[in-house]
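S.K.: Data file target-v4.cif (mmCIF, N, CA and C atoms) is appended below.
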```
data_query
#
loop_
_atom_site.label_atom_id
_atom_site.label_comp_id
_atom_site.auth_asym_id
_atom_site.auth_seq_id
_atom_site.Cartn_x
_atom_site.Cartn_y
_atom_site.Cartn_z
N MET A 1 0.85 -1.17 0.00
CA MET A 1 0.00 0.00 0.00
C MET A 1 0.90 1.23 0.00
N VAL A 2 0.55 2.17 -0.86
CA VAL A 2 1.24 3.45 -0.95
C VAL A 2 0.21 4.54 -0.69
N VAL A 3 0.52 5.46 0.22
CA VAL A 3 -0.39 6.57 0.54
C VAL A 3 0.33 7.87 0.25
N TYR A 4 -0.31 8.74 -0.52
CA TYR A 4 0.22 10.07 -0.81
C TYR A 4 -0.92 11.06 -0.63
N VAL A 5 -0.87 11.85 0.41
CA VAL A 5 -1.89 12.82 0.79
C VAL A 5 -3.25 12.12 0.91
N ASP A 6 -4.09 12.21 -0.12
CA ASP A 6 -5.40 11.55 -0.04
C ASP A 6 -5.57 10.47 -1.12
N ASP A 7 -4.47 10.05 -1.71
CA ASP A 7 -4.50 8.98 -2.70
C ASP A 7 -3.86 7.72 -2.12
N ILE A 8 -4.49 6.59 -2.38
CA ILE A 8 -3.99 5.31 -1.87
C ILE A 8 -3.89 4.34 -3.05
N VAL A 9 -2.76 3.66 -3.16
CA VAL A 9 -2.58 2.62 -4.17
C VAL A 9 -2.36 1.32 -3.41
N ILE A 10 -3.16 0.32 -3.74
CA ILE A 10 -3.03 -0.99 -3.10
C ILE A 10 -2.63 -1.99 -4.19
N ILE A 11 -1.51 -2.66 -3.99
CA ILE A 11 -0.98 -3.60 -4.97
C ILE A 11 -0.73 -4.93 -4.29
N GLY A 12 -1.06 -6.00 -4.98
CA GLY A 12 -0.78 -7.32 -4.43
C GLY A 12 -1.36 -8.42 -5.29
N SER A 13 -1.00 -9.64 -4.99
CA SER A 13 -1.51 -10.78 -5.75
C SER A 13 -2.71 -11.44 -5.08
N ASP A 14 -2.99 -11.08 -3.82
CA ASP A 14 -4.12 -11.65 -3.08
C ASP A 14 -5.34 -10.75 -3.24
N LEU A 15 -6.15 -11.04 -4.24
CA LEU A 15 -7.29 -10.18 -4.55
C LEU A 15 -8.30 -10.10 -3.42
N SER A 16 -8.52 -11.21 -2.71
CA SER A 16 -9.46 -11.17 -1.59
C SER A 16 -8.89 -10.32 -0.45
N GLY A 17 -7.60 -10.37 -0.25
CA GLY A 17 -6.95 -9.54 0.77
C GLY A 17 -7.05 -8.06 0.44
N ILE A 18 -6.87 -7.73 -0.85
CA ILE A 18 -7.01 -6.34 -1.29
C ILE A 18 -8.44 -5.87 -1.07
N GLN A 19 -9.40 -6.71 -1.41
CA GLN A 19 -10.81 -6.35 -1.21
C GLN A 19 -11.11 -6.12 0.27
N GLU A 20 -10.55 -6.94 1.13
CA GLU A 20 -10.76 -6.80 2.58
C GLU A 20 -10.18 -5.48 3.08
N VAL A 21 -8.98 -5.12 2.61
CA VAL A 21 -8.36 -3.84 3.01
C VAL A 21 -9.24 -2.68 2.56
N LYS A 22 -9.75 -2.73 1.33
CA LYS A 22 -10.60 -1.67 0.83
C LYS A 22 -11.89 -1.55 1.64
N GLN A 23 -12.47 -2.68 2.02
CA GLN A 23 -13.70 -2.65 2.83
C GLN A 23 -13.42 -2.07 4.21
N ASN A 24 -12.30 -2.45 4.82
CA ASN A 24 -11.94 -1.90 6.13
C ASN A 24 -11.69 -0.40 6.07
N LEU A 25 -11.02 0.06 5.03
CA LEU A 25 -10.78 1.50 4.88
C LEU A 25 -12.08 2.26 4.69
N SER A 26 -13.00 1.69 3.93
CA SER A 26 -14.26 2.39 3.65
C SER A 26 -15.16 2.50 4.88
N LYS A 27 -14.89 1.69 5.92
CA LYS A 27 -15.67 1.80 7.16
C LYS A 27 -15.37 3.11 7.90
N ASP A 28 -14.11 3.54 7.84
CA ASP A 28 -13.68 4.73 8.59
C ASP A 28 -13.45 5.96 7.72
N PHE A 29 -13.31 5.76 6.40
CA PHE A 29 -13.01 6.88 5.51
C PHE A 29 -13.92 6.83 4.30
N GLN A 30 -14.17 8.01 3.74
CA GLN A 30 -14.91 8.07 2.49
C GLN A 30 -13.93 7.71 1.37
N THR A 31 -14.19 6.61 0.68
CA THR A 31 -13.27 6.14 -0.36
C THR A 31 -13.98 6.02 -1.70
N LYS A 32 -13.18 6.01 -2.74
CA LYS A 32 -13.69 5.84 -4.09
C LYS A 32 -12.71 4.92 -4.81
N ASP A 33 -13.19 3.79 -5.30
CA ASP A 33 -12.35 2.82 -6.00
C ASP A 33 -12.30 3.19 -7.47
N LEU A 34 -11.13 3.59 -7.95
CA LEU A 34 -10.96 3.97 -9.34
C LEU A 34 -10.50 2.80 -10.21
N ARG A 35 -10.50 1.62 -9.64
CA ARG A 35 -10.10 0.37 -10.33
C ARG A 35 -8.64 0.41 -10.75
N LEU A 36 -8.36 0.09 -12.01
CA LEU A 36 -6.97 0.01 -12.44
C LEU A 36 -6.27 1.36 -12.35
N LEU A 37 -5.06 1.34 -11.85
CA LEU A 37 -4.26 2.55 -11.70
C LEU A 37 -3.83 3.07 -13.07
N LYS A 38 -4.12 4.36 -13.33
CA LYS A 38 -3.72 4.98 -14.60
C LYS A 38 -2.70 6.09 -14.38
N TYR A 39 -2.94 6.93 -13.35
CA TYR A 39 -2.02 8.02 -13.01
C TYR A 39 -1.86 8.07 -11.50
N PHE A 40 -0.64 8.38 -11.07
CA PHE A 40 -0.39 8.55 -9.64
C PHE A 40 0.77 9.51 -9.49
N ILE A 41 0.56 10.61 -8.79
CA ILE A 41 1.53 11.69 -8.54
C ILE A 41 2.33 12.04 -9.81
N GLY A 42 1.62 12.23 -10.91
CA GLY A 42 2.26 12.66 -12.15
C GLY A 42 2.89 11.54 -12.96
N ILE A 43 2.73 10.31 -12.53
CA ILE A 43 3.31 9.17 -13.25
C ILE A 43 2.19 8.40 -13.92
N GLU A 44 2.33 8.19 -15.22
CA GLU A 44 1.36 7.40 -15.97
C GLU A 44 1.72 5.93 -15.80
N VAL A 45 0.72 5.11 -15.53
CA VAL A 45 0.91 3.68 -15.31
C VAL A 45 0.20 2.91 -16.42
N LEU A 46 0.98 2.17 -17.20
CA LEU A 46 0.44 1.36 -18.28
C LEU A 46 0.62 -0.11 -17.90
N GLN A 47 -0.48 -0.85 -17.91
CA GLN A 47 -0.43 -2.24 -17.49
C GLN A 47 -0.73 -3.15 -18.68
N SER A 48 0.00 -4.26 -18.77
CA SER A 48 -0.25 -5.27 -19.79
C SER A 48 0.04 -6.63 -19.18
N ARG A 49 -0.17 -7.66 -19.95
CA ARG A 49 0.09 -9.01 -19.43
C ARG A 49 1.59 -9.25 -19.24
N HIS A 50 2.42 -8.40 -19.85
CA HIS A 50 3.87 -8.54 -19.73
C HIS A 50 4.45 -7.79 -18.53
N GLY A 51 3.66 -6.91 -17.93
CA GLY A 51 4.16 -6.16 -16.78
C GLY A 51 3.59 -4.75 -16.73
N ILE A 52 4.27 -3.90 -16.01
CA ILE A 52 3.84 -2.52 -15.79
C ILE A 52 4.91 -1.58 -16.32
N ILE A 53 4.46 -0.53 -17.02
CA ILE A 53 5.37 0.49 -17.51
C ILE A 53 5.01 1.80 -16.83
N LEU A 54 6.01 2.48 -16.26
CA LEU A 54 5.82 3.78 -15.63
C LEU A 54 6.40 4.85 -16.54
N SER A 55 5.65 5.93 -16.74
CA SER A 55 6.09 6.97 -17.66
C SER A 55 5.67 8.34 -17.14
N GLN A 56 6.49 9.35 -17.38
CA GLN A 56 6.13 10.72 -17.06
C GLN A 56 5.92 11.54 -18.32
N ARG A 57 5.59 10.87 -19.42
CA ARG A 57 5.40 11.53 -20.70
C ARG A 57 4.34 12.62 -20.62
N LYS A 58 3.16 12.31 -20.07
CA LYS A 58 2.08 13.28 -19.99
C LYS A 58 2.50 14.51 -19.18
N TYR A 59 3.19 14.28 -18.06
CA TYR A 59 3.66 15.39 -17.22
C TYR A 59 4.60 16.29 -18.02
N VAL A 60 5.53 15.70 -18.74
CA VAL A 60 6.52 16.47 -19.51
C VAL A 60 5.83 17.22 -20.65
N VAL A 61 4.91 16.55 -21.36
CA VAL A 61 4.19 17.20 -22.45
C VAL A 61 3.39 18.39 -21.92
N ASP A 62 2.68 18.20 -20.81
CA ASP A 62 1.90 19.29 -20.21
C ASP A 62 2.81 20.45 -19.79
N LEU A 63 3.96 20.14 -19.22
CA LEU A 63 4.91 21.19 -18.80
C LEU A 63 5.44 21.94 -20.01
N LEU A 64 5.82 21.22 -21.07
CA LEU A 64 6.31 21.87 -22.28
C LEU A 64 5.25 22.78 -22.91
N LYS A 65 4.00 22.33 -22.90
CA LYS A 65 2.91 23.16 -23.42
C LYS A 65 2.74 24.42 -22.57
N GLU A 66 2.81 24.26 -21.26
CA GLU A 66 2.60 25.39 -20.35
C GLU A 66 3.67 26.46 -20.51
N ILE A 67 4.90 26.05 -20.77
CA ILE A 67 5.99 27.03 -20.92
C ILE A 67 6.25 27.36 -22.39
N ARG A 68 5.30 26.96 -23.25
CA ARG A 68 5.33 27.26 -24.68
C ARG A 68 6.61 26.77 -25.36
N MET A 69 7.02 25.56 -25.02
CA MET A 69 8.21 24.97 -25.65
C MET A 69 7.89 23.62 -26.29
N PHE A 70 6.60 23.31 -26.50
CA PHE A 70 6.20 22.00 -27.01
C PHE A 70 6.72 21.73 -28.41
N GLY A 71 6.75 22.75 -29.27
CA GLY A 71 7.19 22.55 -30.65
C GLY A 71 8.70 22.59 -30.84
N TYR A 72 9.45 22.83 -29.77
CA TYR A 72 10.90 22.94 -29.89
C TYR A 72 11.51 21.59 -30.24
N LYS A 73 12.62 21.64 -30.94
CA LYS A 73 13.34 20.43 -31.28
C LYS A 73 14.41 20.17 -30.22
N PRO A 74 14.64 18.89 -29.88
CA PRO A 74 15.66 18.59 -28.87
C PRO A 74 17.06 18.92 -29.37
N ALA A 75 17.93 19.22 -28.45
CA ALA A 75 19.33 19.51 -28.77
C ALA A 75 20.21 18.56 -27.99
N ILE A 76 21.21 18.03 -28.65
CA ILE A 76 22.13 17.11 -27.97
C ILE A 76 22.86 17.86 -26.86
N THR A 77 23.41 19.03 -27.19
CA THR A 77 24.07 19.89 -26.21
C THR A 77 23.48 21.28 -26.35
N PRO A 78 22.74 21.74 -25.34
CA PRO A 78 22.07 23.03 -25.49
C PRO A 78 23.00 24.23 -25.49
N MET A 79 24.26 24.03 -25.13
CA MET A 79 25.21 25.14 -25.16
C MET A 79 26.59 24.59 -25.50
N GLU A 80 27.45 25.46 -25.85
CA GLU A 80 28.80 25.05 -26.22
C GLU A 80 29.48 24.35 -25.04
N PRO A 81 30.01 23.13 -25.26
CA PRO A 81 30.68 22.44 -24.16
C PRO A 81 31.96 23.16 -23.75
N ASN A 82 32.30 23.04 -22.49
CA ASN A 82 33.53 23.60 -21.91
C ASN A 82 33.60 25.13 -21.96
N ILE A 83 32.45 25.77 -22.10
CA ILE A 83 32.45 27.24 -22.14
C ILE A 83 32.69 27.77 -20.73
N LYS A 84 33.42 28.85 -20.63
CA LYS A 84 33.68 29.50 -19.34
C LYS A 84 32.74 30.69 -19.23
N LEU A 85 31.78 30.59 -18.30
CA LEU A 85 30.79 31.64 -18.12
C LEU A 85 31.34 32.73 -17.21
N GLN A 86 31.01 33.97 -17.55
CA GLN A 86 31.43 35.10 -16.74
C GLN A 86 30.23 36.02 -16.55
N GLY A 87 30.19 36.69 -15.44
CA GLY A 87 29.11 37.62 -15.17
C GLY A 87 29.17 38.84 -16.06
N GLY A 88 28.03 39.45 -16.29
CA GLY A 88 27.97 40.69 -17.05
C GLY A 88 28.24 40.54 -18.54
N THR A 89 27.91 39.39 -19.11
CA THR A 89 28.15 39.18 -20.54
C THR A 89 27.02 39.68 -21.41
N GLY A 90 25.95 40.21 -20.78
CA GLY A 90 24.82 40.71 -21.55
C GLY A 90 23.73 39.67 -21.77
N ASN A 91 23.93 38.44 -21.32
CA ASN A 91 22.93 37.38 -21.44
C ASN A 91 22.07 37.37 -20.18
N ASP A 92 21.01 38.18 -20.19
CA ASP A 92 20.14 38.26 -19.02
C ASP A 92 19.28 37.02 -18.90
N VAL A 93 19.12 36.55 -17.68
CA VAL A 93 18.31 35.37 -17.40
C VAL A 93 17.03 35.82 -16.70
N ASP A 94 15.90 35.27 -17.11
CA ASP A 94 14.63 35.55 -16.47
C ASP A 94 14.57 34.73 -15.19
N VAL A 95 14.99 35.31 -14.09
CA VAL A 95 15.09 34.61 -12.81
C VAL A 95 13.73 34.08 -12.36
N GLY A 96 12.68 34.86 -12.52
CA GLY A 96 11.34 34.43 -12.12
C GLY A 96 10.88 33.18 -12.86
N ARG A 97 11.12 33.16 -14.17
CA ARG A 97 10.73 31.99 -14.97
C ARG A 97 11.54 30.77 -14.56
N PHE A 98 12.84 30.95 -14.34
CA PHE A 98 13.69 29.84 -13.92
C PHE A 98 13.23 29.28 -12.57
N GLN A 99 12.94 30.14 -11.61
CA GLN A 99 12.50 29.69 -10.31
C GLN A 99 11.15 28.97 -10.39
N TRP A 100 10.24 29.44 -11.28
CA TRP A 100 8.95 28.79 -11.45
C TRP A 100 9.15 27.39 -12.02
N LEU A 101 10.03 27.24 -13.00
CA LEU A 101 10.30 25.93 -13.60
C LEU A 101 10.89 24.96 -12.58
N VAL A 102 11.79 25.41 -11.75
CA VAL A 102 12.42 24.55 -10.75
C VAL A 102 11.41 24.10 -9.72
N ARG A 103 10.48 24.97 -9.33
CA ARG A 103 9.46 24.60 -8.35
C ARG A 103 8.52 23.54 -8.91
N ASN A 104 8.24 23.59 -10.19
CA ASN A 104 7.30 22.63 -10.79
C ASN A 104 8.09 21.46 -11.22
#
```
Please go through the file and, once you have read it, give me the structure as structure tokens.

M.R.:
Amino acid sequence: MVVYVDDIVIIGSDLSGIQEVKQNLSKDFQTKDLRLLKYFIGIEVLQSRHGIILSQRKYVVDLLKEIRMFGYKPAITPMEPNIKLQGGTGNDVDVGRFQWLVRN
């Protein structure tokens, strides 16, 4: 069982045991069974007979759309390697935008 704020994920091979845990929780708490896990704390969960795949693709796509960088092409190296940075070079950085990105 994994609990994050008000979300609970119950995983196991004993289906009757899982059902019993859910019934016991619903006695003391208002619960809602969403059945198969699809998303949890920004992680997409894809299930198949071969196993489980965890992905943050949706989170990254949503973030890129929000910061208007969805159409950008990837770069192997976003800046010249081994460059020596110095203050006052005229390359102003949007500190507010950078801090917002780091928080999210």

S.K.: Residues picked by the PyMOL selection byres (((chain A and resi 60-68 and name CA) around 12) and name CA) here, as a list in words?

M.R.: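 Residues picked by the PyMOL selection byres (((chain A and resi 60-68 and name CA) around 12) and name CA): Gly42, Ile43, Glu44, Ser55, Gln56, Arg57, Lys58, Tyr59, Met69, Phe70, Gly71, Tyr72, Lys73, Pro74, Arg97, Phe98, Trp100, Leu101, Val102, Arg103 and Asn104 of chain A.
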
S.K.: Name the residues of chain A that come out as strand (DSSP E or B) in a backbone DSSP run; write them as a PyMOL selection string.

M.R.: chain A and resi 2-4+7-9+39-40+43-48+51-55

S.K.: Could those residues be written to a file, using N, CA and C atoms, as a compact mmCIF listing (two decimals), in the coordinates of the input?

M.R.:
```
# COMPACT_ATOMS: atom_id res chain seq x y z
N VAL A 2 0.55 2.17 -0.86
CA VAL A 2 1.24 3.45 -0.95
C VAL A 2 0.21 4.54 -0.69
N VAL A 3 0.52 5.46 0.22
CA VAL A 3 -0.39 6.57 0.54
C VAL A 3 0.33 7.87 0.25
N TYR A 4 -0.31 8.74 -0.52
CA TYR A 4 0.22 10.07 -0.81
C TYR A 4 -0.92 11.06 -0.63
N ASP A 7 -4.47 10.05 -1.71
CA ASP A 7 -4.50 8.98 -2.70
C ASP A 7 -3.86 7.72 -2.12
N ILE A 8 -4.49 6.59 -2.38
CA ILE A 8 -3.99 5.31 -1.87
C ILE A 8 -3.89 4.34 -3.05
N VAL A 9 -2.76 3.66 -3.16
CA VAL A 9 -2.58 2.62 -4.17
C VAL A 9 -2.36 1.32 -3.41
N TYR A 39 -2.94 6.93 -13.35
CA TYR A 39 -2.02 8.02 -13.01
C TYR A 39 -1.86 8.07 -11.50
N PHE A 40 -0.64 8.38 -11.07
CA PHE A 40 -0.39 8.55 -9.64
C PHE A 40 0.77 9.51 -9.49
N ILE A 43 2.73 10.31 -12.53
CA ILE A 43 3.31 9.17 -13.25
C ILE A 43 2.19 8.40 -13.92
N GLU A 44 2.33 8.19 -15.22
CA GLU A 44 1.36 7.40 -15.97
C GLU A 44 1.72 5.93 -15.80
N VAL A 45 0.72 5.11 -15.53
CA VAL A 45 0.91 3.68 -15.31
C VAL A 45 0.20 2.91 -16.42
N LEU A 46 0.98 2.17 -17.20
CA LEU A 46 0.44 1.36 -18.28
C LEU A 46 0.62 -0.11 -17.90
N GLN A 47 -0.48 -0.85 -17.91
CA GLN A 47 -0.43 -2.24 -17.49
C GLN A 47 -0.73 -3.15 -18.68
N SER A 48 0.00 -4.26 -18.77
CA SER A 48 -0.25 -5.27 -19.79
C SER A 48 0.04 -6.63 -19.18
N GLY A 51 3.66 -6.91 -17.93
CA GLY A 51 4.16 -6.16 -16.78
C GLY A 51 3.59 -4.75 -16.73
N ILE A 52 4.27 -3.90 -16.01
CA ILE A 52 3.84 -2.52 -15.79
C ILE A 52 4.91 -1.58 -16.32
N ILE A 53 4.46 -0.53 -17.02
CA ILE A 53 5.37 0.49 -17.51
C ILE A 53 5.01 1.80 -16.83
N LEU A 54 6.01 2.48 -16.26
CA LEU A 54 5.82 3.78 -15.63
C LEU A 54 6.40 4.85 -16.54
N SER A 55 5.65 5.93 -16.74
CA SER A 55 6.09 6.97 -17.66
C SER A 55 5.67 8.34 -17.14
```

S.K.: Residues within 7 Å of Ile10 (chain A), please, as a ChimeraX atom specification. Count all atoms listed in the file; anything in the same chain fewer than 3 positions from it doesn't count.

M.R.: /A:1-2,18

S.K.: Near Asp7 (chain A), counting only C-alpha atoms, which residues have an atom at most 10 Å away, once you skip same-chain residues fewer than 6 positions from it, shown as a list in words?

M.R.: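 Returned residues: Thr31, Lys32, Phe40 and Ile41 of chain A.
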
S.K.: In Å, how far is it from CA of Leu15 (chain A) to CA of Leu34 (chain A)?

M.R.: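 Answer for the CA of Leu15 (chain A) to CA of Leu34 (chain A) separation: 15.4 Å.
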
S.K.: Between atom C of Ile52 (chain A) and atom N of Leu25 (chain A), what is the distance in Å, rounded to a tenth?

M.R.: 26.7 Å

S.K.: Mind listing the helix (DSSP H, G or I) residues of chain A, per DSSP on the backbone, as a PyMOL selection string?

M.R.: chain A and resi 15-28+57-66+95-103

S.K.: Using only N, CA and C atoms, please write the residues we just selected to a file, as an mmCIF file, in the frame of the given file.

M.R.:
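As written to disk, result-v4.cif reads:
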```
data_model
loop_
_atom_site.group_PDB
_atom_site.id
_atom_site.type_symbol
_atom_site.label_atom_id
_atom_site.label_comp_id
_atom_site.auth_asym_id
_atom_site.auth_seq_id
_atom_site.Cartn_x
_atom_site.Cartn_y
_atom_site.Cartn_z
ATOM 1 N N LEU A 15 -6.150 -11.040 -4.240
ATOM 2 C CA LEU A 15 -7.290 -10.180 -4.550
ATOM 3 C C LEU A 15 -8.300 -10.100 -3.420
ATOM 4 N N SER A 16 -8.520 -11.210 -2.710
ATOM 5 C CA SER A 16 -9.460 -11.170 -1.590
ATOM 6 C C SER A 16 -8.890 -10.320 -0.450
ATOM 7 N N GLY A 17 -7.600 -10.370 -0.250
ATOM 8 C CA GLY A 17 -6.950 -9.540 0.770
ATOM 9 C C GLY A 17 -7.050 -8.060 0.440
ATOM 10 N N ILE A 18 -6.870 -7.730 -0.850
ATOM 11 C CA ILE A 18 -7.010 -6.340 -1.290
ATOM 12 C C ILE A 18 -8.440 -5.870 -1.070
ATOM 13 N N GLN A 19 -9.400 -6.710 -1.410
ATOM 14 C CA GLN A 19 -10.810 -6.350 -1.210
ATOM 15 C C GLN A 19 -11.110 -6.120 0.270
ATOM 16 N N GLU A 20 -10.550 -6.940 1.130
ATOM 17 C CA GLU A 20 -10.760 -6.800 2.580
ATOM 18 C C GLU A 20 -10.180 -5.480 3.080
ATOM 19 N N VAL A 21 -8.980 -5.120 2.610
ATOM 20 C CA VAL A 21 -8.360 -3.840 3.010
ATOM 21 C C VAL A 21 -9.240 -2.680 2.560
ATOM 22 N N LYS A 22 -9.750 -2.730 1.330
ATOM 23 C CA LYS A 22 -10.600 -1.670 0.830
ATOM 24 C C LYS A 22 -11.890 -1.550 1.640
ATOM 25 N N GLN A 23 -12.470 -2.680 2.020
ATOM 26 C CA GLN A 23 -13.700 -2.650 2.830
ATOM 27 C C GLN A 23 -13.420 -2.070 4.210
ATOM 28 N N ASN A 24 -12.300 -2.450 4.820
ATOM 29 C CA ASN A 24 -11.940 -1.900 6.130
ATOM 30 C C ASN A 24 -11.690 -0.400 6.070
ATOM 31 N N LEU A 25 -11.020 0.060 5.030
ATOM 32 C CA LEU A 25 -10.780 1.500 4.880
ATOM 33 C C LEU A 25 -12.080 2.260 4.690
ATOM 34 N N SER A 26 -13.000 1.690 3.930
ATOM 35 C CA SER A 26 -14.260 2.390 3.650
ATOM 36 C C SER A 26 -15.160 2.500 4.880
ATOM 37 N N LYS A 27 -14.890 1.690 5.920
ATOM 38 C CA LYS A 27 -15.670 1.800 7.160
ATOM 39 C C LYS A 27 -15.370 3.110 7.900
ATOM 40 N N ASP A 28 -14.110 3.540 7.840
ATOM 41 C CA ASP A 28 -13.680 4.730 8.590
ATOM 42 C C ASP A 28 -13.450 5.960 7.720
ATOM 43 N N ARG A 57 5.590 10.870 -19.420
ATOM 44 C CA ARG A 57 5.400 11.530 -20.700
ATOM 45 C C ARG A 57 4.340 12.620 -20.620
ATOM 46 N N LYS A 58 3.160 12.310 -20.070
ATOM 47 C CA LYS A 58 2.080 13.280 -19.990
ATOM 48 C C LYS A 58 2.500 14.510 -19.180
ATOM 49 N N TYR A 59 3.190 14.280 -18.060
ATOM 50 C CA TYR A 59 3.660 15.390 -17.220
ATOM 51 C C TYR A 59 4.600 16.290 -18.020
ATOM 52 N N VAL A 60 5.530 15.700 -18.740
ATOM 53 C CA VAL A 60 6.520 16.470 -19.510
ATOM 54 C C VAL A 60 5.830 17.220 -20.650
ATOM 55 N N VAL A 61 4.910 16.550 -21.360
ATOM 56 C CA VAL A 61 4.190 17.200 -22.450
ATOM 57 C C VAL A 61 3.390 18.390 -21.920
ATOM 58 N N ASP A 62 2.680 18.200 -20.810
ATOM 59 C CA ASP A 62 1.900 19.290 -20.210
ATOM 60 C C ASP A 62 2.810 20.450 -19.790
ATOM 61 N N LEU A 63 3.960 20.140 -19.220
ATOM 62 C CA LEU A 63 4.910 21.190 -18.800
ATOM 63 C C LEU A 63 5.440 21.940 -20.010
ATOM 64 N N LEU A 64 5.820 21.220 -21.070
ATOM 65 C CA LEU A 64 6.310 21.870 -22.280
ATOM 66 C C LEU A 64 5.250 22.780 -22.910
ATOM 67 N N LYS A 65 4.000 22.330 -22.900
ATOM 68 C CA LYS A 65 2.910 23.160 -23.420
ATOM 69 C C LYS A 65 2.740 24.420 -22.570
ATOM 70 N N GLU A 66 2.810 24.260 -21.260
ATOM 71 C CA GLU A 66 2.600 25.390 -20.350
ATOM 72 C C GLU A 66 3.670 26.460 -20.510
ATOM 73 N N VAL A 95 14.990 35.310 -14.090
ATOM 74 C CA VAL A 95 15.090 34.610 -12.810
ATOM 75 C C VAL A 95 13.730 34.080 -12.360
ATOM 76 N N GLY A 96 12.680 34.860 -12.520
ATOM 77 C CA GLY A 96 11.340 34.430 -12.120
ATOM 78 C C GLY A 96 10.880 33.180 -12.860
ATOM 79 N N ARG A 97 11.120 33.160 -14.170
ATOM 80 C CA ARG A 97 10.730 31.990 -14.970
ATOM 81 C C ARG A 97 11.540 30.770 -14.560
ATOM 82 N N PHE A 98 12.840 30.950 -14.340
ATOM 83 C CA PHE A 98 13.690 29.840 -13.920
ATOM 84 C C PHE A 98 13.230 29.280 -12.570
ATOM 85 N N GLN A 99 12.940 30.140 -11.610
ATOM 86 C CA GLN A 99 12.500 29.690 -10.310
ATOM 87 C C GLN A 99 11.150 28.970 -10.390
ATOM 88 N N TRP A 100 10.240 29.440 -11.280
ATOM 89 C CA TRP A 100 8.950 28.790 -11.450
ATOM 90 C C TRP A 100 9.150 27.390 -12.020
ATOM 91 N N LEU A 101 10.030 27.240 -13.000
ATOM 92 C CA LEU A 101 10.300 25.930 -13.600
ATOM 93 C C LEU A 101 10.890 24.960 -12.580
ATOM 94 N N VAL A 102 11.790 25.410 -11.750
ATOM 95 C CA VAL A 102 12.420 24.550 -10.750
ATOM 96 C C VAL A 102 11.410 24.100 -9.720
ATOM 97 N N ARG A 103 10.480 24.970 -9.330
ATOM 98 C CA ARG A 103 9.460 24.600 -8.350
ATOM 99 C C ARG A 103 8.520 23.540 -8.910
#
```

S.K.: Enter the distance from atom C of Gln99 (chain A) to atom N of Ile8 (chain A), in Å, rounded to one decimal.

M.R.: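 About the pair atom C of Gln99 (chain A) and atom N of Ile8 (chain A): they are 28.5 Å apart.
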
S.K.: Find the residue from A:Ile53, A:Gly87, A:Asp6, A:Arg35 that sits nearest to Gln19 (chain A); use only C-alpha atoms when measuring.

M.R.: A:Arg35

S.K.: Could the centre and edge lengths of an axis-aligned box, enclosing all atoms of region 44-55 of chain A in the file with 3 Å extra on each side, be given in Å to one decimal as JSON?

M.R.:
```
{"center_x": 2.8, "center_y": -0.5, "center_z": -17.6, "size_x": 13.1, "size_y": 23.6, "size_z": 10.7}
```

S.K.: Can you tell me which residues surround Leu37 (chain A) at a distance of at most 9 Å, considering only C-alpha atoms, apart from same-chain residues fewer than 5 positions away, and format the answer as a VMD selection string?

M.R.: chain A and resid 9 44 to 47

S.K.: Regenerate region 63-72 of chain A at the level of N, CA, C and O atoms and dump it as a PDB file, in the coordinates of the input.

M.R.:
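Written file, rebuild.pdb:
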```
ATOM      1  N   LEU A  63       3.960  20.140 -19.220  1.00  0.00           N
ATOM      2  CA  LEU A  63       4.910  21.190 -18.800  1.00  0.00           C
ATOM      3  C   LEU A  63       5.440  21.940 -20.010  1.00  0.00           C
ATOM      4  O   LEU A  63       5.497  23.172 -20.017  1.00  0.00           O
ATOM      5  N   LEU A  64       5.820  21.220 -21.070  1.00  0.00           N
ATOM      6  CA  LEU A  64       6.310  21.870 -22.280  1.00  0.00           C
ATOM      7  C   LEU A  64       5.250  22.780 -22.910  1.00  0.00           C
ATOM      8  O   LEU A  64       5.563  23.864 -23.399  1.00  0.00           O
ATOM      9  N   LYS A  65       4.000  22.330 -22.900  1.00  0.00           N
ATOM     10  CA  LYS A  65       2.910  23.160 -23.420  1.00  0.00           C
ATOM     11  C   LYS A  65       2.740  24.420 -22.570  1.00  0.00           C
ATOM     12  O   LYS A  65       2.548  25.509 -23.100  1.00  0.00           O
ATOM     13  N   GLU A  66       2.810  24.260 -21.260  1.00  0.00           N
ATOM     14  CA  GLU A  66       2.600  25.390 -20.350  1.00  0.00           C
ATOM     15  C   GLU A  66       3.670  26.460 -20.510  1.00  0.00           C
ATOM     16  O   GLU A  66       3.396  27.648 -20.424  1.00  0.00           O
ATOM     17  N   ILE A  67       4.900  26.050 -20.770  1.00  0.00           N
ATOM     18  CA  ILE A  67       5.990  27.030 -20.920  1.00  0.00           C
ATOM     19  C   ILE A  67       6.250  27.360 -22.390  1.00  0.00           C
ATOM     20  O   ILE A  67       7.263  27.943 -22.743  1.00  0.00           O
ATOM     21  N   ARG A  68       5.300  26.960 -23.250  1.00  0.00           N
ATOM     22  CA  ARG A  68       5.330  27.260 -24.680  1.00  0.00           C
ATOM     23  C   ARG A  68       6.610  26.770 -25.360  1.00  0.00           C
ATOM     24  O   ARG A  68       7.207  27.470 -26.162  1.00  0.00           O
ATOM     25  N   MET A  69       7.020  25.560 -25.020  1.00  0.00           N
ATOM     26  CA  MET A  69       8.210  24.970 -25.650  1.00  0.00           C
ATOM     27  C   MET A  69       7.890  23.620 -26.290  1.00  0.00           C
ATOM     28  O   MET A  69       8.778  22.856 -26.634  1.00  0.00           O
ATOM     29  N   PHE A  70       6.600  23.310 -26.500  1.00  0.00           N
ATOM     30  CA  PHE A  70       6.200  22.000 -27.010  1.00  0.00           C
ATOM     31  C   PHE A  70       6.720  21.730 -28.410  1.00  0.00           C
ATOM     32  O   PHE A  70       7.125  20.630 -28.722  1.00  0.00           O
ATOM     33  N   GLY A  71       6.750  22.750 -29.270  1.00  0.00           N
ATOM     34  CA  GLY A  71       7.190  22.550 -30.650  1.00  0.00           C
ATOM     35  C   GLY A  71       8.700  22.590 -30.840  1.00  0.00           C
ATOM     36  O   GLY A  71       9.196  22.409 -31.944  1.00  0.00           O
ATOM     37  N   TYR A  72       9.450  22.830 -29.770  1.00  0.00           N
ATOM     38  CA  TYR A  72      10.900  22.940 -29.890  1.00  0.00           C
ATOM     39  C   TYR A  72      11.510  21.590 -30.240  1.00  0.00           C
ATOM     40  O   TYR A  72      11.024  20.546 -29.866  1.00  0.00           O
TER      41      TYR A  72
END
```
